[in-house]
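Heads up, entry05.pdb below (PDB, C-alpha atoms, pLDDT in the B column):
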MODEL        1
ATOM      1  CA  MET W  19       0.000   0.000   0.000  1.00 46.00           C
ATOM      2  CA  ARG W  20       2.905   2.381   0.717  1.00 54.00           C
ATOM      3  CA  GLY W  21       3.977   2.248  -2.933  1.00 57.00           C
ATOM      4  CA  ASP W  22       0.557   3.364  -4.145  1.00 76.00           C
ATOM      5  CA  LEU W  23       0.347   6.325  -1.771  1.00 76.00           C
ATOM      6  CA  HIS W  24       3.965   7.235  -2.464  1.00 79.00           C
ATOM      7  CA  THR W  25       3.292   7.239  -6.226  1.00 84.00           C
ATOM      8  CA  LEU W  26       0.169   9.353  -5.725  1.00 81.00           C
ATOM      9  CA  LYS W  27       2.121  11.869  -3.645  1.00 81.00           C
ATOM     10  CA  ARG W  28       4.872  12.160  -6.295  1.00 84.00           C
ATOM     11  CA  VAL W  29       2.380  12.595  -9.128  1.00 86.00           C
ATOM     12  CA  CYS W  30       0.543  15.244  -7.114  1.00 83.00           C
ATOM     13  CA  GLU W  31       3.829  17.023  -6.412  1.00 87.00           C
ATOM     14  CA  TYR W  32       4.549  17.435 -10.129  1.00 88.00           C
ATOM     15  CA  ALA W  33       0.923  18.035 -11.095  1.00 88.00           C
ATOM     16  CA  SER W  34       0.603  20.795  -8.487  1.00 88.00           C
ATOM     17  CA  LYS W  35       3.463  22.635 -10.201  1.00 89.00           C
ATOM     18  CA  VAL W  36       1.691  22.373 -13.552  1.00 90.00           C
ATOM     19  CA  MET W  37      -1.520  23.632 -11.941  1.00 88.00           C
ATOM     20  CA  LEU W  38       0.333  26.603 -10.457  1.00 90.00           C
ATOM     21  CA  VAL W  39       1.541  27.625 -13.922  1.00 92.00           C
ATOM     22  CA  ALA W  40      -2.011  27.192 -15.248  1.00 90.00           C
ATOM     23  CA  GLU W  41      -3.300  29.520 -12.522  1.00 91.00           C
ATOM     24  CA  TYR W  42      -1.047  32.297 -13.803  1.00 92.00           C
ATOM     25  CA  VAL W  43      -1.978  31.641 -17.440  1.00 91.00           C
ATOM     26  CA  LEU W  44      -5.709  31.757 -16.679  1.00 89.00           C
ATOM     27  CA  ALA W  45      -5.330  34.924 -14.610  1.00 91.00           C
ATOM     28  CA  ALA W  46      -3.495  36.517 -17.559  1.00 91.00           C
ATOM     29  CA  LEU W  47      -6.328  35.479 -19.895  1.00 87.00           C
ATOM     30  CA  VAL W  48      -8.878  37.159 -17.614  1.00 87.00           C
ATOM     31  CA  ILE W  49      -6.864  40.377 -17.678  1.00 90.00           C
ATOM     32  CA  ALA W  50      -6.327  40.175 -21.448  1.00 86.00           C
ATOM     33  CA  THR W  51     -10.032  39.637 -22.134  1.00 83.00           C
ATOM     34  CA  VAL W  52     -11.025  42.660 -20.070  1.00 85.00           C
ATOM     35  CA  ALA W  53      -8.263  44.780 -21.643  1.00 86.00           C
ATOM     36  CA  VAL W  54      -9.339  43.870 -25.189  1.00 84.00           C
ATOM     37  CA  LEU W  55     -12.964  44.618 -24.291  1.00 82.00           C
ATOM     38  CA  ILE W  56     -12.034  48.068 -23.019  1.00 84.00           C
ATOM     39  CA  ALA W  57      -9.838  48.750 -26.066  1.00 86.00           C
ATOM     40  CA  SER W  58     -12.599  47.625 -28.441  1.00 82.00           C
ATOM     41  CA  PHE W  59     -14.701  50.663 -27.559  1.00 81.00           C
ATOM     42  CA  SER W  60     -12.140  53.129 -28.873  1.00 82.00           C
ATOM     43  CA  TYR W  61      -9.898  51.213 -31.266  1.00 78.00           C
ATOM     44  CA  GLY W  62     -11.405  49.533 -34.370  1.00 76.00           C
ATOM     45  CA  PRO W  63      -8.793  46.779 -34.798  1.00 84.00           C
ATOM     46  CA  ALA W  64      -9.317  45.769 -31.157  1.00 79.00           C
ATOM     47  CA  GLU W  65     -13.014  45.290 -31.889  1.00 76.00           C
ATOM     48  CA  ASP W  66     -12.178  43.084 -34.888  1.00 76.00           C
ATOM     49  CA  PHE W  67      -9.699  41.108 -32.798  1.00 80.00           C
ATOM     50  CA  LEU W  68     -12.272  40.709 -30.035  1.00 75.00           C
ATOM     51  CA  ARG W  69     -14.929  39.504 -32.484  1.00 73.00           C
ATOM     52  CA  ASP W  70     -12.508  36.913 -33.900  1.00 73.00           C
ATOM     53  CA  TRP W  71     -11.298  35.896 -30.438  1.00 70.00           C
ATOM     54  CA  ILE W  72     -14.710  35.144 -28.992  1.00 70.00           C
ATOM     55  CA  SER W  73     -16.207  33.919 -32.282  1.00 63.00           C
ATOM     56  CA  SER W  74     -19.063  36.337 -32.165  1.00 58.00           C
ATOM     57  CA  GLY W  75     -20.987  37.652 -35.124  1.00 57.00           C
ATOM     58  CA  SER W  76     -21.582  41.347 -35.097  1.00 56.00           C
ATOM     59  CA  PHE W  77     -21.485  43.652 -32.121  1.00 57.00           C
ATOM     60  CA  ASP W  78     -24.490  45.637 -33.230  1.00 63.00           C
ATOM     61  CA  GLU W  79     -25.307  46.566 -29.644  1.00 72.00           C
ATOM     62  CA  THR W  80     -22.862  47.377 -26.878  1.00 75.00           C
ATOM     63  CA  TYR W  81     -24.636  45.140 -24.366  1.00 77.00           C
ATOM     64  CA  ARG W  82     -24.062  42.089 -26.601  1.00 77.00           C
ATOM     65  CA  ARG W  83     -20.331  42.838 -26.777  1.00 77.00           C
ATOM     66  CA  VAL W  84     -20.122  43.275 -23.025  1.00 82.00           C
ATOM     67  CA  ALA W  85     -22.168  40.115 -22.364  1.00 82.00           C
ATOM     68  CA  ALA W  86     -19.981  38.068 -24.733  1.00 81.00           C
ATOM     69  CA  CYS W  87     -16.809  39.320 -23.049  1.00 82.00           C
ATOM     70  CA  LEU W  88     -18.234  38.755 -19.585  1.00 86.00           C
ATOM     71  CA  LYS W  89     -19.089  35.203 -20.621  1.00 86.00           C
ATOM     72  CA  PHE W  90     -15.524  34.501 -21.723  1.00 84.00           C
ATOM     73  CA  THR W  91     -14.127  36.221 -18.659  1.00 88.00           C
ATOM     74  CA  ALA W  92     -16.398  34.020 -16.531  1.00 90.00           C
ATOM     75  CA  ILE W  93     -15.106  30.934 -18.345  1.00 90.00           C
ATOM     76  CA  TRP W  94     -11.491  31.945 -17.645  1.00 89.00           C
ATOM     77  CA  ILE W  95     -12.399  32.576 -13.997  1.00 92.00           C
ATOM     78  CA  MET W  96     -14.097  29.177 -13.823  1.00 92.00           C
ATOM     79  CA  GLY W  97     -10.920  27.610 -15.158  1.00 92.00           C
ATOM     80  CA  PHE W  98      -8.813  29.524 -12.655  1.00 93.00           C
ATOM     81  CA  ILE W  99     -10.972  28.495  -9.684  1.00 93.00           C
ATOM     82  CA  THR W 100     -11.015  24.871 -10.847  1.00 93.00           C
ATOM     83  CA  VAL W 101      -7.248  24.768 -11.336  1.00 93.00           C
ATOM     84  CA  LYS W 102      -6.662  26.546  -8.001  1.00 93.00           C
ATOM     85  CA  GLY W 103      -8.888  24.034  -6.197  1.00 92.00           C
ATOM     86  CA  LEU W 104      -7.139  21.096  -7.859  1.00 91.00           C
ATOM     87  CA  HIS W 105      -3.746  22.621  -7.055  1.00 92.00           C
ATOM     88  CA  ASP W 106      -4.693  22.893  -3.381  1.00 92.00           C
ATOM     89  CA  ILE W 107      -6.058  19.333  -3.322  1.00 91.00           C
ATOM     90  CA  MET W 108      -2.861  18.004  -4.904  1.00 90.00           C
ATOM     91  CA  CYS W 109      -0.707  19.899  -2.417  1.00 91.00           C
ATOM     92  CA  ASP W 110      -2.725  18.398   0.443  1.00 90.00           C
ATOM     93  CA  ILE W 111      -2.388  14.900  -1.012  1.00 87.00           C
ATOM     94  CA  ARG W 112       1.358  15.488  -1.351  1.00 87.00           C
ATOM     95  CA  ASP W 113       1.695  16.694   2.256  1.00 88.00           C
ATOM     96  CA  GLU W 114      -0.920  14.733   4.242  1.00 84.00           C
ATOM     97  CA  HIS W 115      -1.091  11.144   5.436  1.00 80.00           C
ATOM     98  CA  SER W 116      -4.268  10.433   3.467  1.00 82.00           C
ATOM     99  CA  PRO W 117      -5.888  11.948   0.373  1.00 85.00           C
ATOM    100  CA  PHE W 118      -9.284  11.534   2.041  1.00 89.00           C
ATOM    101  CA  THR W 119      -9.410  14.674   4.160  1.00 89.00           C
ATOM    102  CA  GLU W 120     -12.414  16.774   5.068  1.00 91.00           C
ATOM    103  CA  ARG W 121     -10.631  19.808   3.632  1.00 93.00           C
ATOM    104  CA  ASN W 122     -10.409  18.121   0.207  1.00 92.00           C
ATOM    105  CA  THR W 123     -14.060  17.126   0.424  1.00 94.00           C
ATOM    106  CA  LYS W 124     -15.052  20.725   1.171  1.00 95.00           C
ATOM    107  CA  ARG W 125     -12.969  21.973  -1.752  1.00 94.00           C
ATOM    108  CA  MET W 126     -14.706  19.577  -4.122  1.00 95.00           C
ATOM    109  CA  ILE W 127     -18.137  20.582  -2.830  1.00 96.00           C
ATOM    110  CA  SER W 128     -17.205  24.260  -3.265  1.00 95.00           C
ATOM    111  CA  ILE W 129     -16.134  23.623  -6.863  1.00 95.00           C
ATOM    112  CA  SER W 130     -19.374  21.730  -7.449  1.00 96.00           C
ATOM    113  CA  LEU W 131     -21.525  24.571  -6.133  1.00 96.00           C
ATOM    114  CA  PHE W 132     -19.469  27.094  -8.090  1.00 96.00           C
ATOM    115  CA  TYR W 133     -20.153  25.202 -11.344  1.00 96.00           C
ATOM    116  CA  LEU W 134     -23.848  25.001 -10.538  1.00 96.00           C
ATOM    117  CA  ALA W 135     -24.032  28.771 -10.011  1.00 96.00           C
ATOM    118  CA  SER W 136     -21.858  29.359 -13.082  1.00 95.00           C
ATOM    119  CA  ALA W 137     -24.280  27.343 -15.212  1.00 96.00           C
ATOM    120  CA  PHE W 138     -26.975  29.928 -14.555  1.00 96.00           C
ATOM    121  CA  VAL W 139     -24.629  32.906 -14.947  1.00 94.00           C
ATOM    122  CA  LEU W 140     -23.404  31.616 -18.317  1.00 93.00           C
ATOM    123  CA  LEU W 141     -26.977  30.837 -19.378  1.00 94.00           C
ATOM    124  CA  THR W 142     -27.985  34.435 -18.670  1.00 92.00           C
ATOM    125  CA  LEU W 143     -24.944  35.884 -20.455  1.00 89.00           C
ATOM    126  CA  ASP W 144     -25.502  33.604 -23.468  1.00 88.00           C
ATOM    127  CA  ILE W 145     -29.105  34.744 -23.746  1.00 89.00           C
ATOM    128  CA  ILE W 146     -28.080  38.415 -23.546  1.00 87.00           C
ATOM    129  CA  ALA W 147     -25.232  37.919 -26.047  1.00 83.00           C
ATOM    130  CA  GLY W 148     -27.541  36.154 -28.492  1.00 82.00           C
ATOM    131  CA  THR W 149     -25.558  32.916 -28.518  1.00 83.00           C
ATOM    132  CA  PRO W 150     -27.138  30.134 -30.592  1.00 85.00           C
ATOM    133  CA  ILE W 151     -29.512  27.998 -28.522  1.00 90.00           C
ATOM    134  CA  ALA W 152     -27.663  24.702 -29.138  1.00 90.00           C
ATOM    135  CA  PHE W 153     -24.395  26.130 -27.776  1.00 87.00           C
ATOM    136  CA  THR W 154     -26.200  27.755 -24.853  1.00 90.00           C
ATOM    137  CA  VAL W 155     -27.865  24.485 -23.865  1.00 92.00           C
ATOM    138  CA  PHE W 156     -24.597  22.564 -24.312  1.00 93.00           C
ATOM    139  CA  VAL W 157     -22.711  24.902 -21.964  1.00 92.00           C
ATOM    140  CA  PHE W 158     -25.546  24.942 -19.402  1.00 95.00           C
ATOM    141  CA  LEU W 159     -25.852  21.155 -19.327  1.00 95.00           C
ATOM    142  CA  GLY W 160     -22.060  20.740 -19.312  1.00 93.00           C
ATOM    143  CA  CYS W 161     -21.658  22.960 -16.258  1.00 94.00           C
ATOM    144  CA  THR W 162     -24.554  21.223 -14.528  1.00 95.00           C
ATOM    145  CA  LEU W 163     -23.110  17.768 -15.201  1.00 95.00           C
ATOM    146  CA  ILE W 164     -19.645  18.827 -14.012  1.00 94.00           C
ATOM    147  CA  SER W 165     -21.301  20.077 -10.839  1.00 95.00           C
ATOM    148  CA  VAL W 166     -23.100  16.774 -10.246  1.00 96.00           C
ATOM    149  CA  VAL W 167     -20.039  14.619 -10.967  1.00 95.00           C
ATOM    150  CA  THR W 168     -17.798  16.768  -8.752  1.00 94.00           C
ATOM    151  CA  TYR W 169     -20.328  16.562  -5.924  1.00 95.00           C
ATOM    152  CA  CYS W 170     -20.434  12.770  -6.281  1.00 95.00           C
ATOM    153  CA  LEU W 171     -16.623  12.623  -6.174  1.00 93.00           C
ATOM    154  CA  ALA W 172     -16.702  14.764  -3.025  1.00 94.00           C
ATOM    155  CA  LEU W 173     -19.039  12.235  -1.426  1.00 94.00           C
ATOM    156  CA  VAL W 174     -16.689   9.409  -2.483  1.00 93.00           C
ATOM    157  CA  CYS W 175     -13.813  11.327  -0.869  1.00 91.00           C
ATOM    158  CA  ARG W 176     -15.856  11.795   2.309  1.00 92.00           C
ATOM    159  CA  TYR W 177     -16.658   8.067   2.374  1.00 93.00           C
ATOM    160  CA  GLY W 178     -12.964   7.288   1.818  1.00 89.00           C
ATOM    161  CA  GLY W 179     -12.208   9.429   4.869  1.00 88.00           C
ATOM    162  CA  VAL W 180     -14.675   7.432   6.949  1.00 89.00           C
ATOM    163  CA  LEU W 181     -13.112   4.162   5.791  1.00 88.00           C
ATOM    164  CA  GLN W 182      -9.599   5.536   6.407  1.00 85.00           C
ATOM    165  CA  LYS W 183     -10.541   6.549   9.948  1.00 85.00           C
ATOM    166  CA  GLU W 184     -12.129   3.160  10.595  1.00 86.00           C
ATOM    167  CA  SER W 185      -9.023   1.401   9.255  1.00 81.00           C
ATOM    168  CA  ASP W 186      -6.680   3.565  11.352  1.00 80.00           C
ATOM    169  CA  GLU W 187      -8.718   2.903  14.504  1.00 82.00           C
ATOM    170  CA  THR W 188      -8.753  -0.844  13.818  1.00 81.00           C
ATOM    171  CA  LEU W 189      -4.963  -0.985  13.679  1.00 66.00           C
TER     172      LEU W 189
ENDMDL
END
So that I can check it, write out the structure of this file as structure tokens.
Amino acid sequence: MRGDLHTLKRVCEYASKVMLVAEYVLAALVIATVAVLIASFSYGPAEDFLRDWISSGSFDETYRRVAACLKFTAIWIMGFITVKGLHDIMCDIRDEHSPFTERNTKRMISISLFYLASAFVLLTLDIIAGTPIAFTVFVFLGCTLISVVTYCLALVCRYGGVLQKESDETL
């Protein structure tokens, strides 16, 4: 059993470093999206770049442009929060005796609830931006399913903690 936990800890050590880099990349994408949005109001080429970047049709109304950019900013933020949560979980697995901690369970539940709330935020922004219905439904259902699966994994982690505690007390 030691070999399995040792391997998991080593993989989490390296993966946490990759996640840390991803946190910085996603934060930079959030900043870049907002900067391009702001520039698009006064600089024509920035508006063209923005349209190509977010694959939007025309920005006939300002509120559609803002909604489309907010949607993509929200997606980058979702990625950042997900990567940050996974980074923290991997660091805990690397440093703790067991991967089945209550702290990791709470992190997974937080990510799950965040995706559930994000599903409705993205749905609203897609409707305002005039996103095609098929894409809107796909994103909404995707976020909802990620939320459900993450919540189920959190419950598996919680159950693993109960079994770990029972095993430790038996020995």
**OP:** With a distance cut-off of 8 Å and only C-alpha atoms, select the neighbouring residues of W:Glu31, excluding the residue or stretch itself and same-chain residues fewer than 4 positions from it, and output the selection as number ranges by chain.
**Re:** W: 27, 35, 108-109, 112
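With only C-alpha atoms taken into account, every residue lying no more than 8 Å from the file point (-6.5, 29.8, -8.7) is included here: W:Leu38, W:Glu41, W:Tyr42, W:Ala45, W:Phe98, W:Ile99, W:Thr100, W:Val101, W:Lys102, W:Gly103, W:His105.
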Original post:
In Å, how far is it from atom CA of W:Arg121 to atom CA of W:Ser185?
Top reply: 19.3 Å
Subject >> Interatomic distance (Å, one decimal) between atom CA of W:Leu141 and atom CA of W:Val157 >> reply: 7.8 Å
Subject >> Residue nearest W:Arg83 among W:Ser58, W:Gln182, W:Thr188, W:Thr162 (counting only C-alpha atoms) >> reply: W:Ser58
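In this model, the gap between atom CA of W:Tyr61 and atom CA of W:Ala86 comes to 17.8 Å.
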